[in-house]
Amino acid sequence: MEEGAASDIEKDFLGYLPELPEIASQFIELTRELNISKKSYANLLLSDPVLSTRIFSYINLVLNPSNSNYLSINKGISIMGLHKFKNVVIAFSLFSAFQEANCISLFKYSLETAYYSKSIAAEYNLINPHDAFLLGFLHDIGKLAMRNKFGEEYELASLESGDIVHDYTQEEEVEKFKYSHSDISEYICKKWKLPIVVYDAIKFHHFPLTALLPQASSIIYLADILAHKNTVPSKESRKVFQYMRLTKDSIAHYAADQEKKMLPYLEILNIK
């Protein structure tokens with residue numbers, strides 16, 4: 001994104017862009033430093049009672065379902081690994097931004113896309129699966145800004161059966177709202193100082209072969225197809241499948257278990 005376009009987004013969406021909560025921002029900064037103790041990460045999270053309670057609940061639902069001898073946040077970091085744990089922190093931290101924008105369905109869809117992305121990356125050894133999860137989760141974060149600014153005028157496509165509304169193409173978004181959600185998603189991720197692998201892949205997730213890192217962007221594209229239950233091949237999807245040397249049938253088996261992986265988040269956040 002050119003500097004002029006970025007400044008236009010900042011000006012036009014002033015007050016509407018979702019913020020990365022301070023705790024999550026500090027947590028990410030800690031992960032970039034060397035020789036930081038797990039206790040330091042845990043102490044930072046404990047300064048936010050709501051967030052730490054949700055993460056504590058997640059650790060024990062996922063790692064200790066028998067509820068015997070509750071696991072601490074320190075232990076959760078040790079078992080899960082910092083890279084995966086960071087994604088859990090980000091997902092729970094950003095829930096309020098989805099909630100405030102009245103985009104709970106988008107939160108569920110973003111989680112689903114994240115798990116599809118992670119599974120595809122892991123099976124085919126394309127990029128780090130935990131990076132892929134973050135790409136999938138954040139790829140439509142710009143829609144929150146669109147929803148905040150334009151309200152119900154910016155309609156979102158619901159993935160729930162019987163409640164389908166118009167889903168804008170990027171071209172339609174630009175024509176009607178001046179920007180596409182991908183442009184704004186890229187800007188948000190840059191503003192949050194996330195790595196180039198994140199904002200480049202997200203910027204081009206509808207046209208992944210034009211990205212600097214086409215494999216990363218293609219993973220989001222394929223996960224998007226699965227999350228949308230899209231069965232109609234397009235010219236772009238045929239190119240992406242050919243580039244990735246995959247077929248829709250070869251990744252379709254992921255559809256069976258993604259809902260199960262999302263359940264701890266949905267239960268803790270009381271999402272139906």
# chains A, B, ... in the order shown; residues from 1 in each chain; ligands from 1
$ closest_atom_pairs --of "region 22-115 of chain A" --to "region 189-210 of chain A" --cutoff "10 Å" --atoms "only C-alpha atoms" --output "CSV"
residue,atom,partner,partner_atom,distance
A:Ser25,CA,A:Trp192,CA,7.6
A:Ile28,CA,A:Leu194,CA,9.0
A:Glu29,CA,A:Lys193,CA,9.6
$ closest_atom_pairs --of "region 27-77 of chain A" --to "region 94-103 of chain A" --cutoff "12 Å" --atoms "only C-alpha atoms" --output "JSON lines"
{"residue": "A:Val50", "atom": "CA", "partner": "A:Ser96", "partner_atom": "CA", "distance": 11.1}
{"residue": "A:Leu51", "atom": "CA", "partner": "A:Phe95", "partner_atom": "CA", "distance": 10.1}
{"residue": "A:Arg54", "atom": "CA", "partner": "A:Phe95", "partner_atom": "CA", "distance": 11.1}
$ atom_distance --atom1 "CA of Gly136 (chain A)" --atom2 "CA of Ser218 (chain A)"
10.7 Å
$ select_by_dssp --residues "region 214-253 of chain A" --states "helix (DSSP H, G or I)" --output "PyMOL selection string"
chain A and resi 214-227+235-244+248-253
$ write_last_selection --atoms "N, CA, C and O atoms" --output "tab-separated table (two decimals), in the first residue's frame"
chain	number	residue	atom	x	y	z
A	214	PRO	N	2.86	-15.89	-2.37
A	214	PRO	CA	1.62	-16.47	-2.89
A	214	PRO	C	1.15	-17.72	-2.16
A	214	PRO	O	-0.07	-17.97	-2.08
A	215	GLN	N	2.06	-18.53	-1.61
A	215	GLN	CA	1.61	-19.72	-0.88
A	215	GLN	C	0.83	-19.33	0.36
A	215	GLN	O	-0.22	-19.91	0.65
A	216	ALA	N	1.33	-18.35	1.10
A	216	ALA	CA	0.64	-17.91	2.31
A	216	ALA	C	-0.74	-17.35	1.97
A	216	ALA	O	-1.75	-17.68	2.62
A	217	SER	N	-0.81	-16.51	0.95
A	217	SER	CA	-2.08	-15.92	0.56
A	217	SER	C	-3.04	-16.98	0.00
A	217	SER	O	-4.25	-16.92	0.22
A	218	SER	N	-2.49	-17.96	-0.71
A	218	SER	CA	-3.31	-19.03	-1.27
A	218	SER	C	-3.94	-19.89	-0.18
A	218	SER	O	-5.05	-20.40	-0.35
A	219	ILE	N	-3.25	-20.05	0.93
A	219	ILE	CA	-3.81	-20.82	2.04
A	219	ILE	C	-5.09	-20.16	2.54
A	219	ILE	O	-6.11	-20.82	2.77
A	220	ILE	N	-5.05	-18.84	2.72
A	220	ILE	CA	-6.27	-18.13	3.13
A	220	ILE	C	-7.36	-18.31	2.09
A	220	ILE	O	-8.53	-18.54	2.41
A	221	TYR	N	-6.99	-18.20	0.83
A	221	TYR	CA	-7.96	-18.31	-0.26
A	221	TYR	C	-8.67	-19.66	-0.21
A	221	TYR	O	-9.91	-19.74	-0.31
A	222	LEU	N	-7.91	-20.73	-0.04
A	222	LEU	CA	-8.50	-22.07	0.00
A	222	LEU	C	-9.33	-22.26	1.26
A	222	LEU	O	-10.41	-22.87	1.23
A	223	ALA	N	-8.84	-21.74	2.39
A	223	ALA	CA	-9.61	-21.83	3.64
A	223	ALA	C	-10.93	-21.08	3.51
A	223	ALA	O	-11.97	-21.50	4.03
A	224	ASP	N	-10.89	-19.95	2.82
A	224	ASP	CA	-12.08	-19.14	2.57
A	224	ASP	C	-13.12	-19.95	1.80
A	224	ASP	O	-14.32	-19.90	2.10
A	225	ILE	N	-12.68	-20.68	0.80
A	225	ILE	CA	-13.58	-21.51	0.01
A	225	ILE	C	-14.27	-22.53	0.90
A	225	ILE	O	-15.49	-22.75	0.83
A	226	LEU	N	-13.50	-23.18	1.77
A	226	LEU	CA	-14.08	-24.18	2.67
A	226	LEU	C	-15.05	-23.54	3.65
A	226	LEU	O	-16.13	-24.08	3.91
A	227	ALA	N	-14.68	-22.40	4.22
A	227	ALA	CA	-15.54	-21.76	5.21
A	227	ALA	C	-16.85	-21.27	4.60
A	227	ALA	O	-17.90	-21.31	5.24
A	235	LYS	N	-12.60	-19.01	-12.17
A	235	LYS	CA	-11.34	-18.96	-12.91
A	235	LYS	C	-10.18	-18.79	-11.95
A	235	LYS	O	-9.14	-19.45	-12.08
A	236	GLU	N	-10.36	-17.93	-10.92
A	236	GLU	CA	-9.29	-17.70	-9.95
A	236	GLU	C	-9.03	-18.94	-9.12
A	236	GLU	O	-7.88	-19.31	-8.87
A	237	SER	N	-10.09	-19.63	-8.69
A	237	SER	CA	-9.88	-20.82	-7.84
A	237	SER	C	-9.18	-21.93	-8.61
A	237	SER	O	-8.34	-22.64	-8.05
A	238	ARG	N	-9.48	-22.06	-9.88
A	238	ARG	CA	-8.80	-23.09	-10.68
A	238	ARG	C	-7.30	-22.78	-10.77
A	238	ARG	O	-6.46	-23.69	-10.69
A	239	LYS	N	-6.96	-21.50	-10.93
A	239	LYS	CA	-5.54	-21.11	-10.99
A	239	LYS	C	-4.84	-21.39	-9.66
A	239	LYS	O	-3.70	-21.86	-9.63
A	240	VAL	N	-5.53	-21.08	-8.56
A	240	VAL	CA	-4.92	-21.27	-7.24
A	240	VAL	C	-4.72	-22.75	-6.94
A	240	VAL	O	-3.65	-23.15	-6.47
A	241	PHE	N	-5.73	-23.56	-7.21
A	241	PHE	CA	-5.59	-25.00	-6.98
A	241	PHE	C	-4.45	-25.57	-7.83
A	241	PHE	O	-3.68	-26.40	-7.36
A	242	GLN	N	-4.34	-25.10	-9.07
A	242	GLN	CA	-3.26	-25.58	-9.94
A	242	GLN	C	-1.90	-25.15	-9.39
A	242	GLN	O	-0.95	-25.95	-9.35
A	243	TYR	N	-1.80	-23.90	-8.95
A	243	TYR	CA	-0.53	-23.40	-8.40
A	243	TYR	C	-0.13	-24.19	-7.15
A	243	TYR	O	1.05	-24.53	-6.97
A	244	MET	N	-1.10	-24.48	-6.30
A	244	MET	CA	-0.81	-25.17	-5.04
A	244	MET	C	-0.70	-26.69	-5.22
A	244	MET	O	-0.37	-27.41	-4.29
A	248	LYS	N	-9.96	-29.40	-4.65
A	248	LYS	CA	-10.92	-29.18	-3.57
A	248	LYS	C	-11.18	-30.47	-2.82
A	248	LYS	O	-11.34	-30.47	-1.59
A	249	ASP	N	-11.20	-31.59	-3.54
A	249	ASP	CA	-11.41	-32.87	-2.87
A	249	ASP	C	-10.29	-33.19	-1.89
A	249	ASP	O	-10.52	-33.81	-0.85
A	250	SER	N	-9.07	-32.77	-2.20
A	250	SER	CA	-7.93	-33.11	-1.34
A	250	SER	C	-7.95	-32.36	-0.02
A	250	SER	O	-7.28	-32.76	0.94
A	251	ILE	N	-8.70	-31.25	0.06
A	251	ILE	CA	-8.77	-30.50	1.31
A	251	ILE	C	-10.16	-30.55	1.95
A	251	ILE	O	-10.35	-30.03	3.06
A	252	ALA	N	-11.10	-31.20	1.28
A	252	ALA	CA	-12.49	-31.20	1.76
A	252	ALA	C	-12.65	-31.90	3.10
A	252	ALA	O	-13.58	-31.60	3.85
A	253	HIS	N	-11.76	-32.83	3.43
A	253	HIS	CA	-11.93	-33.60	4.67
A	253	HIS	C	-11.79	-32.74	5.92
A	253	HIS	O	-12.21	-33.16	7.00
$ residues_around --residues "Thr53 (chain A)" --least-positions-apart "4" --cutoff "12 Å" --atoms "only C-alpha atoms" --output "list in words"
Ala42, Leu45, Leu46, Ser47, Asp48, Pro49, Ser57, Tyr58, Ile59, Asn60, Ser72, Ile73, Val89, Phe92, Ser93, Ile268 and Leu269 of chain A
$ write_last_selection --atoms "C-alpha atoms" --output "JSON list (two decimals), in the first residue's frame"
[["chain", "number", "residue", "atom", "x", "y", "z"],
["A", 42, "ALA", "CA", 1.45, -14.82, 32.68],
["A", 45, "LEU", "CA", -2.18, -11.41, 31.18],
["A", 46, "LEU", "CA", -3.20, -11.44, 34.84],
["A", 47, "SER", "CA", -3.34, -7.64, 34.75],
["A", 48, "ASP", "CA", -6.53, -8.05, 32.69],
["A", 49, "PRO", "CA", -8.94, -10.16, 34.78],
["A", 57, "SER", "CA", -10.74, -21.45, 31.00],
["A", 58, "TYR", "CA", -9.49, -22.21, 27.48],
["A", 59, "ILE", "CA", -6.32, -23.88, 28.75],
["A", 60, "ASN", "CA", -8.26, -26.17, 31.02],
["A", 72, "SER", "CA", -2.02, -22.47, 35.37],
["A", 73, "ILE", "CA", -1.40, -20.01, 32.55],
["A", 89, "VAL", "CA", -4.38, -14.36, 23.29],
["A", 92, "PHE", "CA", -9.75, -13.63, 22.84],
["A", 93, "SER", "CA", -8.40, -10.06, 22.95],
["A", 268, "ILE", "CA", -16.23, -19.55, 26.91],
["A", 269, "LEU", "CA", -17.55, -16.52, 25.00]]
$ atom_distance --atom1 "CA of Leu135 (chain A)" --atom2 "CA of Tyr265 (chain A)"
17.8 Å
$ decode --residues "region 209-223 of chain A" --atoms "all heavy atoms" --output "short mmCIF file (atom, residue, chain, number, x, y, z; two decimals), in the first residue's frame"
data_model
loop_
_atom_site.label_atom_id
_atom_site.label_comp_id
_atom_site.auth_asym_id
_atom_site.auth_seq_id
_atom_site.Cartn_x
_atom_site.Cartn_y
_atom_site.Cartn_z
N LEU A 209 -2.19 -15.16 -6.15
CA LEU A 209 -1.00 -15.37 -6.97
C LEU A 209 -0.28 -14.07 -7.29
O LEU A 209 0.82 -14.09 -7.84
CB LEU A 209 -1.38 -16.11 -8.26
CG LEU A 209 -2.05 -17.48 -8.05
CD1 LEU A 209 -2.18 -18.22 -9.37
CD2 LEU A 209 -1.29 -18.32 -7.03
N THR A 210 -0.89 -12.93 -6.92
CA THR A 210 -0.22 -11.63 -7.11
C THR A 210 0.52 -11.19 -5.85
O THR A 210 1.17 -10.14 -5.85
CB THR A 210 -1.24 -10.55 -7.50
OG1 THR A 210 -2.22 -10.44 -6.46
CG2 THR A 210 -1.94 -10.91 -8.80
N ALA A 211 0.44 -11.96 -4.79
CA ALA A 211 1.08 -11.60 -3.52
C ALA A 211 2.59 -11.83 -3.58
O ALA A 211 3.09 -12.61 -4.39
CB ALA A 211 0.48 -12.42 -2.38
N LEU A 212 3.32 -11.16 -2.69
CA LEU A 212 4.75 -11.41 -2.56
C LEU A 212 5.00 -12.84 -2.07
O LEU A 212 5.99 -13.46 -2.41
CB LEU A 212 5.38 -10.42 -1.58
CG LEU A 212 5.46 -8.96 -2.02
CD1 LEU A 212 5.98 -8.10 -0.87
CD2 LEU A 212 6.36 -8.82 -3.24
N LEU A 213 4.09 -13.34 -1.24
CA LEU A 213 4.17 -14.69 -0.68
C LEU A 213 2.92 -15.46 -1.10
O LEU A 213 1.99 -15.64 -0.30
CB LEU A 213 4.29 -14.61 0.84
CG LEU A 213 5.48 -13.79 1.35
CD1 LEU A 213 5.33 -13.47 2.83
CD2 LEU A 213 6.79 -14.53 1.09
N PRO A 214 2.86 -15.89 -2.37
CA PRO A 214 1.62 -16.47 -2.89
C PRO A 214 1.15 -17.72 -2.16
O PRO A 214 -0.07 -17.97 -2.08
CB PRO A 214 1.94 -16.77 -4.36
CG PRO A 214 3.44 -16.74 -4.45
CD PRO A 214 3.90 -15.81 -3.40
N GLN A 215 2.06 -18.53 -1.61
CA GLN A 215 1.61 -19.72 -0.88
C GLN A 215 0.83 -19.33 0.36
O GLN A 215 -0.22 -19.91 0.65
CB GLN A 215 2.80 -20.60 -0.50
CG GLN A 215 3.33 -21.47 -1.64
CD GLN A 215 4.29 -22.52 -1.14
OE1 GLN A 215 4.99 -22.33 -0.17
NE2 GLN A 215 4.31 -23.66 -1.81
N ALA A 216 1.33 -18.35 1.10
CA ALA A 216 0.64 -17.91 2.31
C ALA A 216 -0.74 -17.35 1.97
O ALA A 216 -1.75 -17.68 2.62
CB ALA A 216 1.47 -16.86 3.04
N SER A 217 -0.81 -16.51 0.95
CA SER A 217 -2.08 -15.92 0.56
C SER A 217 -3.04 -16.98 0.00
O SER A 217 -4.25 -16.92 0.22
CB SER A 217 -1.85 -14.82 -0.47
OG SER A 217 -2.94 -13.93 -0.52
N SER A 218 -2.49 -17.96 -0.71
CA SER A 218 -3.31 -19.03 -1.27
C SER A 218 -3.94 -19.89 -0.18
O SER A 218 -5.05 -20.40 -0.35
CB SER A 218 -2.48 -19.91 -2.20
OG SER A 218 -2.08 -19.21 -3.36
N ILE A 219 -3.25 -20.05 0.93
CA ILE A 219 -3.81 -20.82 2.04
C ILE A 219 -5.09 -20.16 2.54
O ILE A 219 -6.11 -20.82 2.77
CB ILE A 219 -2.78 -20.96 3.18
CG1 ILE A 219 -1.68 -21.93 2.77
CG2 ILE A 219 -3.45 -21.44 4.47
CD1 ILE A 219 -0.52 -21.99 3.75
N ILE A 220 -5.05 -18.84 2.72
CA ILE A 220 -6.27 -18.13 3.13
C ILE A 220 -7.36 -18.31 2.09
O ILE A 220 -8.53 -18.54 2.41
CB ILE A 220 -6.02 -16.63 3.33
CG1 ILE A 220 -4.82 -16.37 4.22
CG2 ILE A 220 -7.26 -15.95 3.91
CD1 ILE A 220 -4.45 -14.90 4.34
N TYR A 221 -6.99 -18.20 0.83
CA TYR A 221 -7.96 -18.31 -0.26
C TYR A 221 -8.67 -19.66 -0.21
O TYR A 221 -9.91 -19.74 -0.31
CB TYR A 221 -7.24 -18.14 -1.60
CG TYR A 221 -8.15 -18.16 -2.81
CD1 TYR A 221 -8.68 -16.98 -3.31
CD2 TYR A 221 -8.46 -19.35 -3.45
CE1 TYR A 221 -9.51 -16.99 -4.42
CE2 TYR A 221 -9.29 -19.37 -4.56
CZ TYR A 221 -9.81 -18.18 -5.04
OH TYR A 221 -10.64 -18.19 -6.13
N LEU A 222 -7.91 -20.73 -0.04
CA LEU A 222 -8.50 -22.07 0.00
C LEU A 222 -9.33 -22.26 1.26
O LEU A 222 -10.41 -22.87 1.23
CB LEU A 222 -7.40 -23.12 -0.07
CG LEU A 222 -6.55 -23.11 -1.34
CD1 LEU A 222 -5.47 -24.19 -1.27
CD2 LEU A 222 -7.40 -23.30 -2.59
N ALA A 223 -8.84 -21.74 2.39
CA ALA A 223 -9.61 -21.83 3.64
C ALA A 223 -10.93 -21.08 3.51
O ALA A 223 -11.97 -21.50 4.03
CB ALA A 223 -8.78 -21.29 4.79
#
